[in-house]
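I have placed the structure first, in the form of structure tokens, so that the comments after it can refer back to it.
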Amino acid sequence: MGKFGIRTGTITLAALALAATACGSGKATGGEAATGVDGVKTGPGVTADKITLGILTDLTGPYASFGKSLTQAQQLYFDQANAAGGVCGRKLEGLVRDHGYDAQKAVAAYTEIAPKSAAIPQFIGSPMVTALKQRIETDKMLTLPMAWATSLLGSPSIQVTGTTYDIDMINGVDFLTKEKGIKSGDKIGHLYFEGDYGQSALNGSKYAAGKLGLTIVEQKIKATDQDMSAQVSAFKDAGVKAIMVSVGPRQAASLVGVAVAKGMDIPFVGSNSAYSPQLLGTPAAPALLKNFFVMTAAAPMSAPIPSIQKLVTDYQTKYPGQAVDSGVGAGYAAALIVGDALRRACQDKDLSRQGIVDAHRSQSAWEGGFGQPMDFSRIDQPSSRASYVVKPDKSAVGGTVILKEAASSALAKEYHVPVG
Amino acid sequence: MITFLELLLNGISIGAVYALIALGFVVIFKATEVVNFAHASLLLAGGYLVARLQPVVGFWAALLIGVASAAVVGALIEFLIIRRANVGSQSVLAIVTIGVDIVLTTELTRQIGTEILALGDPWGDSVVHLGQVTIAETRIVALFTAAALISMFLLAFKYTGWGIAMRATAEDAETAALMGIRLGRVSLSAWAVAGALAAVAAVFLCVFPTPGLDRGTSLAAIKAFPAAILGGLDSTTGALAGGLIVGVTEALMTGYQNQLAFLGRGIGDVAPFLVMIVILLLRPAGLFGTRETARV
Amino acid sequence: MSDTPETIATPDSTAPREQAAAGRPALLRLASRRSSLARPLLWAAAAALAVAVPFYLEGFWLQTGLFAMSAAVGAIGIALLTGSTGQLSMGHAFFLAVGAYSYVYFADDPAAGASHALGGLGLPTPIAAVLAVVTAGVAGGLFSPIAGRLKGAYLGIATLALIFLGQHLLFNAEPVTGGYNGRAVPPMELFGLVFADSPSLVVFNVPFGSLERLWFLGLLVVLGAAAFARGVLRGRPGRAMNTIRDHEIAAGVMGVPVARYRAGVFVLSSMYGGLAGVMLALVFQRTVPDYFSVLLSLDYLAMIVIGGLGSIGGAIIGAVFVSVLPQLLTRYSDNLPLIAEPGSGGVSPAEAARILYGAAVVTVVLFLPGGLAGLFGRLRAMAAGRAALFTRAPQARLSPPPASSSPSPSPDTRR
């Protein structure tokens, strides 16, 4: 027994010796921030000829179609930027990881790519971004979540692009009262997902309803729910005059289809995640074309804006036969925002993570040709408060056309956004 | 009152679809005592085939092929895996079906990709007005189909040789085998039937009130679990009753969400499981399930 | 606390020694059971490897390892329930959630100033962790009217209710759970050592962040959890559990209180789930409700089948397999045939991992009775048999996989 103890002791010591030689391992300290030959300070993910950008997306989960469009559009931007000589004399490279909308996989993927990335131009899923919020802040990693919940505001390194869901809904309620004859005293329904997407949107509709003297009838559902018949019955019973829709495209189609079939000829106003052009191939199409409106901060892909038209052409050339949906515009714009932040950081000779975040936050009126200008200088405010009203359209690229140009309602302007 | 009736009718009709799925569980459980967690993927397989084939051969032919293929897939799972599995307990076989489900569902969702596939059914989005209550035509068809299929099974269990073989197997497999019943054949046919039922259920899950088949469709099958178990896993009547209870509970709790807000929003999804727990507390074998008795 | 690396390095450098000490009872028992020295040597080599890992591997692998450790603890719980007692549970994720959220609630100070007030008791973190495990056990106990009465698949489906009920609570009980936002997890603090990235700590020139620090804590917990479960299985309760699994009525006749045992094992497995949840929370640094879904429960069932039912070693091997496989595939997807880059249209790494792990469940049941653990056991027996032919056995040839520092595959405990 004593002998055995000695043996274990020896081996433990050997292990310690092994550990001690770790000074030679790649993990040993040193080599953090450096300054390149061109006098630019560099940080993680930046080498003399390459800037690596992390992409945390969903290609196999519920948001697979969105993730695919976003990722391909960003790849397109990297190719174009590299063809034009790159940024700061360095090529841009995307490092794509698919988390399938699973929080643990997302955390694992972030841990893997974070040491190698300079910024993250795409991170799908607000639960995933929320799970990593603290680490993103500690790492000072400029991150663009592809989700628009208010819980993502308030962090210097996390940049929500455009409006948040609540702003869209405020503008949506405003649109209903101005153009669809909804007036004080009316009831409007709100169908929303459990989680921060639905909750953010509901905050907006409730605020607007309170200001305009309307009553909100709530129906909360889960992403696994498919059939909205019971919800429609409840809305009908409550006598709603319009319905706000902050769910997935599938549930939106079911809601609108059932409601129209039951003779409810009322307007539906959706958040930007509630619609997908694929729905126009389903039996719900006529109902959607008739009464459905979508609030979005990004101009639709059919908008007569030169940079968007060019993007559509380029995208169709690079990915022939693939659907051009709102993900293409959103992804490209996000990549462009990160690209511009890198360019600015390069001018300041500081491509460290802090340098990139600072450069990005110094822009108070960014304008990339994709709709409204955005203000990145306020961390606790959405970067824009103006939403387009778009309408499903079978013949249009991306399945929607502009019904009303982007505008910020008076209500949205004075709205105090809850942060965190 | 109108709302109540409408919700009730909605609940009954979606409950009929759940009952069809639950019936598949029951048939397999009766024949092999295995809880088939791969049922969701059978459902997806059947629905996928119907959706893919209907533009080519039309809805009815596609439905026929889809049902037949799903039956074949079910039979293959039994023949290639369940029959050969070398395990002591049926719980392990249940876990094996989870493995099968993961493989099939992953591949099918990969095939479906990002599309929403319409089924091209003849009912479309038409609704039937019963007084002031409206209900989707598809749901009425589902209700009648489920009722017809379930009564057919009740009769088949009672009067056909296959049904007697199945009941005998459920009663005591060893004795049944000694009496000349081919257990393999009973089990194979049960899986095939379950596959076919899953395909039928898939069709009703993907038509009108929902826009079509997509990668999330199989998630609906999860609601058939409480349906099957609260009715009693070895009872066909139980499957029908369970399906209707789950459907009606869900619809009513959802419809009266505003009055029930103190339970937390979204209680409609949880309610079927709560009902299941209460029933299991009172009757551990479900409403119509046979209580296990054994002589030592 | 001082910030100079040297002063902090001193207490921490004793960690490996502490760990060896904690591992000793198990080792001693082994040594007394078998006079051969090959086994302890193997053990020591594994221990040395496990200690060295954080000094070499990057954060990504450490985190994968930590997820595997947490999964191992949870899988041991399920192995006790399903593998040894024959009860199926699909509600394990719920107990993980209870563990994770209770730890946060007990340890966190009530949050002031936030837009939604979060409750908290502000207890010392080790006490909070213990209480969290107890809470998970209590939750399991509350379910005992069901868990004691139902058997096999019936229980499996009944426990599905826990998942749905659990997620409903996680989303709605905002003052405790933080709702959809989840809550930040306060880092564990043991004997003055904080398991977080700050204050910074450098050991042998390697920066020791939260992952490196947690690695050692995780090892200790897995060892302890495995040793305890082993004790349970080897003793009287283990035999009673196996009898219930193999022949319920016979067990009853022989005087085993079947319902009480079923409920008891359910409580124990819930506590293991709770412990796994606490570990997971510490690694995640934030709890989010979406994570604790049916899929997580299914993963646990797959783990114990892949690893080999009924043995602790099997549970651990299965946990490592299921947690590490997707990461390996994702990481090396570029170099693997048949697997496409994410987004290129072919079989993506995530899909390949799911298909492989589903197929592994099926394959193991068809071709590998006893699972991976059984396979290792047979290989070892083969190696030993061959070695016996050459008069002297030099050393055992198989070392357990690096990430599991846990007891190497034990012989089938069913006997």
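If you're wondering about the labels, chains in the structure tokens are A, B, ... by order shown, residues count from 1 in each chain, ligands from 1 in order shown.
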Taking only C-alpha atoms into account, what are the residues of chain C at most 7 Å from chain B, put as a count of residues only?
25
Counting only C-alpha atoms, collect the residues of chain C whose closest atom lies at most 6 Å from chain A, and write them out as number ranges by chain.
C: 48, 52, 55-56, 60, 180, 204-206, 286, 291
How would the residues just chosen look if you wrote them out with C-alpha atoms as an mmCIF file, in the first residue's frame?
data_model
loop_
_atom_site.group_PDB
_atom_site.id
_atom_site.type_symbol
_atom_site.label_atom_id
_atom_site.label_comp_id
_atom_site.auth_asym_id
_atom_site.auth_seq_id
_atom_site.Cartn_x
_atom_site.Cartn_y
_atom_site.Cartn_z
ATOM 1 C CA ALA C 48 -1.460 12.498 -15.387
ATOM 2 C CA ALA C 52 -1.828 17.957 -18.278
ATOM 3 C CA PHE C 55 -1.899 23.175 -20.171
ATOM 4 C CA TYR C 56 -1.950 22.203 -23.799
ATOM 5 C CA PHE C 60 -12.525 25.125 -27.396
ATOM 6 C CA TYR C 180 -36.572 34.142 -21.897
ATOM 7 C CA PHE C 204 3.484 27.606 -15.477
ATOM 8 C CA ASN C 205 3.248 30.406 -17.973
ATOM 9 C CA VAL C 206 -0.162 29.255 -19.152
ATOM 10 C CA ARG C 286 -25.564 31.978 -18.464
ATOM 11 C CA TYR C 291 -31.585 24.734 -23.974
#
Residues of chain B within 8 Å of chain A, counting only C-alpha atoms, what are they? List them as JSON, numbers by chain.
{"B": [3, 6, 7, 10, 11, 110, 113, 114, 115, 116, 117, 118, 124, 125, 126, 127, 134, 208, 209, 210, 211, 212, 215, 216, 217, 219, 220, 251, 252, 254, 255, 256, 257, 258, 265, 266, 269]}
For stretch 230-241 of chain C, work out the shell of residues within 9 Å, counting only C-alpha atoms and skipping chain neighbours fewer than 3 positions away, then give it as a list in words.
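Within the cut-off, the hits are Leu80, Leu81, Ser84, Thr85, Gly86, Ala225, Ala226, Ala227, Ile244, Arg245, Asp246, Ala251, Val256, Pro257, Val258, Tyr261, Arg262, Val265, Ser311, Ile312, Thr413, Arg414 and Arg415 of chain C.
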Selection near B:Val72, 12 Å with only C-alpha atoms, sequence-local residues under 3 positions removed, as a VMD selection string:
chain B and resid 42 45 to 46 65 to 69 75 to 80 188 to 199
Exercise: stretch 85-91 of chain A partners within 9 Å, only C-alpha atoms, chain neighbours under 2 positions left out, as a list of chain:residue names
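So the residues in contact are A:Val40, A:Val46, A:Thr47, A:Ala48, A:Asp49, A:Lys50, A:Ile51, A:Thr52, A:Phe78, A:Asp79, A:Gln80, A:Ala81, A:Asn82, A:Ala83, A:Glu93, A:Gly339, A:Asp340, A:Leu342, A:Arg343, A:Ala345, A:Cys346, A:Gln347.
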List as a PyMOL selection string the protein and nucleic acid residues near C:Leu211, meaning an atom at most 8 Å away when only C-alpha atoms are counted, but skip any in the same chain fewer than 3 places from it.
chain C and resi 59+62-63+66+195-196+208+214-215+283
Can I get the selected residues back with N, CA and C atoms, as a PDB file, in the first residue's frame?
ATOM      1  N   GLY C  59      -9.021  26.590 -25.545  1.00  0.00           N
ATOM      2  CA  GLY C  59     -10.290  26.744 -24.845  1.00  0.00           C
ATOM      3  C   GLY C  59     -11.417  25.918 -25.435  1.00  0.00           C
ATOM      4  N   LEU C  62     -11.207  22.433 -24.200  1.00  0.00           N
ATOM      5  CA  LEU C  62     -11.491  22.372 -22.761  1.00  0.00           C
ATOM      6  C   LEU C  62     -12.986  22.471 -22.547  1.00  0.00           C
ATOM      7  N   GLN C  63     -13.610  23.380 -23.285  1.00  0.00           N
ATOM      8  CA  GLN C  63     -15.038  23.555 -23.102  1.00  0.00           C
ATOM      9  C   GLN C  63     -15.801  22.303 -23.537  1.00  0.00           C
ATOM     10  N   LEU C  66     -15.484  19.940 -20.866  1.00  0.00           N
ATOM     11  CA  LEU C  66     -16.331  20.266 -19.718  1.00  0.00           C
ATOM     12  C   LEU C  66     -17.785  19.907 -19.992  1.00  0.00           C
ATOM     13  N   PHE C 195     -13.710  30.646  -9.919  1.00  0.00           N
ATOM     14  CA  PHE C 195     -13.668  29.942 -11.196  1.00  0.00           C
ATOM     15  C   PHE C 195     -14.205  30.853 -12.293  1.00  0.00           C
ATOM     16  N   ALA C 196     -13.423  31.887 -12.567  1.00  0.00           N
ATOM     17  CA  ALA C 196     -13.812  32.826 -13.616  1.00  0.00           C
ATOM     18  C   ALA C 196     -12.551  33.322 -14.293  1.00  0.00           C
ATOM     19  N   PHE C 208      -4.526  30.848 -16.912  1.00  0.00           N
ATOM     20  CA  PHE C 208      -5.595  29.997 -16.428  1.00  0.00           C
ATOM     21  C   PHE C 208      -6.892  30.777 -16.355  1.00  0.00           C
ATOM     22  N   LEU C 214     -12.074  25.406 -14.209  1.00  0.00           N
ATOM     23  CA  LEU C 214     -13.216  24.500 -14.065  1.00  0.00           C
ATOM     24  C   LEU C 214     -12.853  23.066 -14.427  1.00  0.00           C
ATOM     25  N   TRP C 215     -11.890  22.917 -15.309  1.00  0.00           N
ATOM     26  CA  TRP C 215     -11.483  21.579 -15.731  1.00  0.00           C
ATOM     27  C   TRP C 215     -11.185  20.697 -14.520  1.00  0.00           C
ATOM     28  N   VAL C 283     -20.163  26.324 -16.760  1.00  0.00           N
ATOM     29  CA  VAL C 283     -19.426  26.390 -18.022  1.00  0.00           C
ATOM     30  C   VAL C 283     -20.062  27.430 -18.947  1.00  0.00           C
TER      31      VAL C 283
END
Which residues come within 10 Å of B:Gly243, counting only C-alpha atoms, excluding same-chain residues fewer than 5 positions away, as a VMD selection string?
chain B and resid 11 to 23 223 to 231 237 to 238 248 to 249 272
If you run DSSP on the backbone here, which positions in stretch 289-321 of chain C get alpha helix (DSSP H)? Please write them as an NGL selection string.
:C and (294-307 or 312-321)
Residue subset to file, keeping C-alpha atoms, as a PDB file, in the first residue's frame:
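Dumped everything to part.pdb:
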ATOM      1  CA  VAL C 294     -36.710  17.273 -25.196  1.00  0.00           C
ATOM      2  CA  LEU C 295     -33.690  16.966 -27.454  1.00  0.00           C
ATOM      3  CA  LEU C 296     -31.373  17.232 -24.473  1.00  0.00           C
ATOM      4  CA  SER C 297     -33.244  14.425 -22.730  1.00  0.00           C
ATOM      5  CA  LEU C 298     -33.015  12.270 -25.818  1.00  0.00           C
ATOM      6  CA  ASP C 299     -29.273  12.885 -25.951  1.00  0.00           C
ATOM      7  CA  TYR C 300     -28.930  11.405 -22.491  1.00  0.00           C
ATOM      8  CA  LEU C 301     -30.825   8.271 -23.433  1.00  0.00           C
ATOM      9  CA  ALA C 302     -28.636   7.890 -26.509  1.00  0.00           C
ATOM     10  CA  MET C 303     -25.507   8.291 -24.377  1.00  0.00           C
ATOM     11  CA  ILE C 304     -26.222   5.415 -22.058  1.00  0.00           C
ATOM     12  CA  VAL C 305     -27.196   3.105 -24.879  1.00  0.00           C
ATOM     13  CA  ILE C 306     -24.096   3.942 -26.896  1.00  0.00           C
ATOM     14  CA  GLY C 307     -21.831   3.620 -23.890  1.00  0.00           C
ATOM     15  CA  ILE C 312     -21.028   3.677 -14.927  1.00  0.00           C
ATOM     16  CA  GLY C 313     -18.080   3.499 -17.294  1.00  0.00           C
ATOM     17  CA  GLY C 314     -20.488   3.032 -20.160  1.00  0.00           C
ATOM     18  CA  ALA C 315     -22.438   6.139 -19.226  1.00  0.00           C
ATOM     19  CA  ILE C 316     -19.253   8.162 -19.179  1.00  0.00           C
ATOM     20  CA  ILE C 317     -17.979   6.822 -22.481  1.00  0.00           C
ATOM     21  CA  GLY C 318     -21.373   7.454 -24.070  1.00  0.00           C
ATOM     22  CA  ALA C 319     -21.424  11.013 -22.717  1.00  0.00           C
ATOM     23  CA  VAL C 320     -18.009  11.688 -24.171  1.00  0.00           C
ATOM     24  CA  PHE C 321     -18.985  10.180 -27.505  1.00  0.00           C
TER      25      PHE C 321
END
How far is it from atom CA of A:Ser271 to atom CA of A:Thr296, in Å with one decimal?
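Rounded to one decimal, the two atoms are 6.9 Å apart.
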One number please: atom CA of B:Ala40 to atom CA of C:Phe367, in Å, one decimal.
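Between atom CA of B:Ala40 and atom CA of C:Phe367 the gap is 25.2 Å.
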So that I can check the secondary structure, give me every residue of stretch 39-250 of chain B assigned strand (DSSP E) by backbone DSSP, as an NGL selection string.
:B and (127-130 or 133-136)
Could you dump the residues just selected with C-alpha atoms as a PDB file, in the first residue's frame?
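The result, written out as out08.pdb:
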ATOM      1  CA  VAL B 127     -64.729  25.973 -44.544  1.00  0.00           C
ATOM      2  CA  VAL B 128     -68.065  24.556 -43.515  1.00  0.00           C
ATOM      3  CA  HIS B 129     -70.589  26.726 -41.674  1.00  0.00           C
ATOM      4  CA  LEU B 130     -72.633  24.980 -39.037  1.00  0.00           C
ATOM      5  CA  VAL B 133     -69.697  28.003 -36.158  1.00  0.00           C
ATOM      6  CA  THR B 134     -67.167  27.574 -38.911  1.00  0.00           C
ATOM      7  CA  ILE B 135     -64.781  24.691 -39.294  1.00  0.00           C
ATOM      8  CA  ALA B 136     -62.263  23.782 -41.961  1.00  0.00           C
TER       9      ALA B 136
END
Atom CA of A:Ile266 and atom CA of A:Gly213 are how many Å apart?
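Computing it gives 18.9 Å between the two atoms.
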Give the answer as one residue: which of B:Ala165, B:Val26, B:Leu213, B:Val57 has the shortest atom-to-atom distance to B:Leu108, using only C-alpha atoms?
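The shortest atom-to-atom distance to B:Leu108 comes from B:Leu213.
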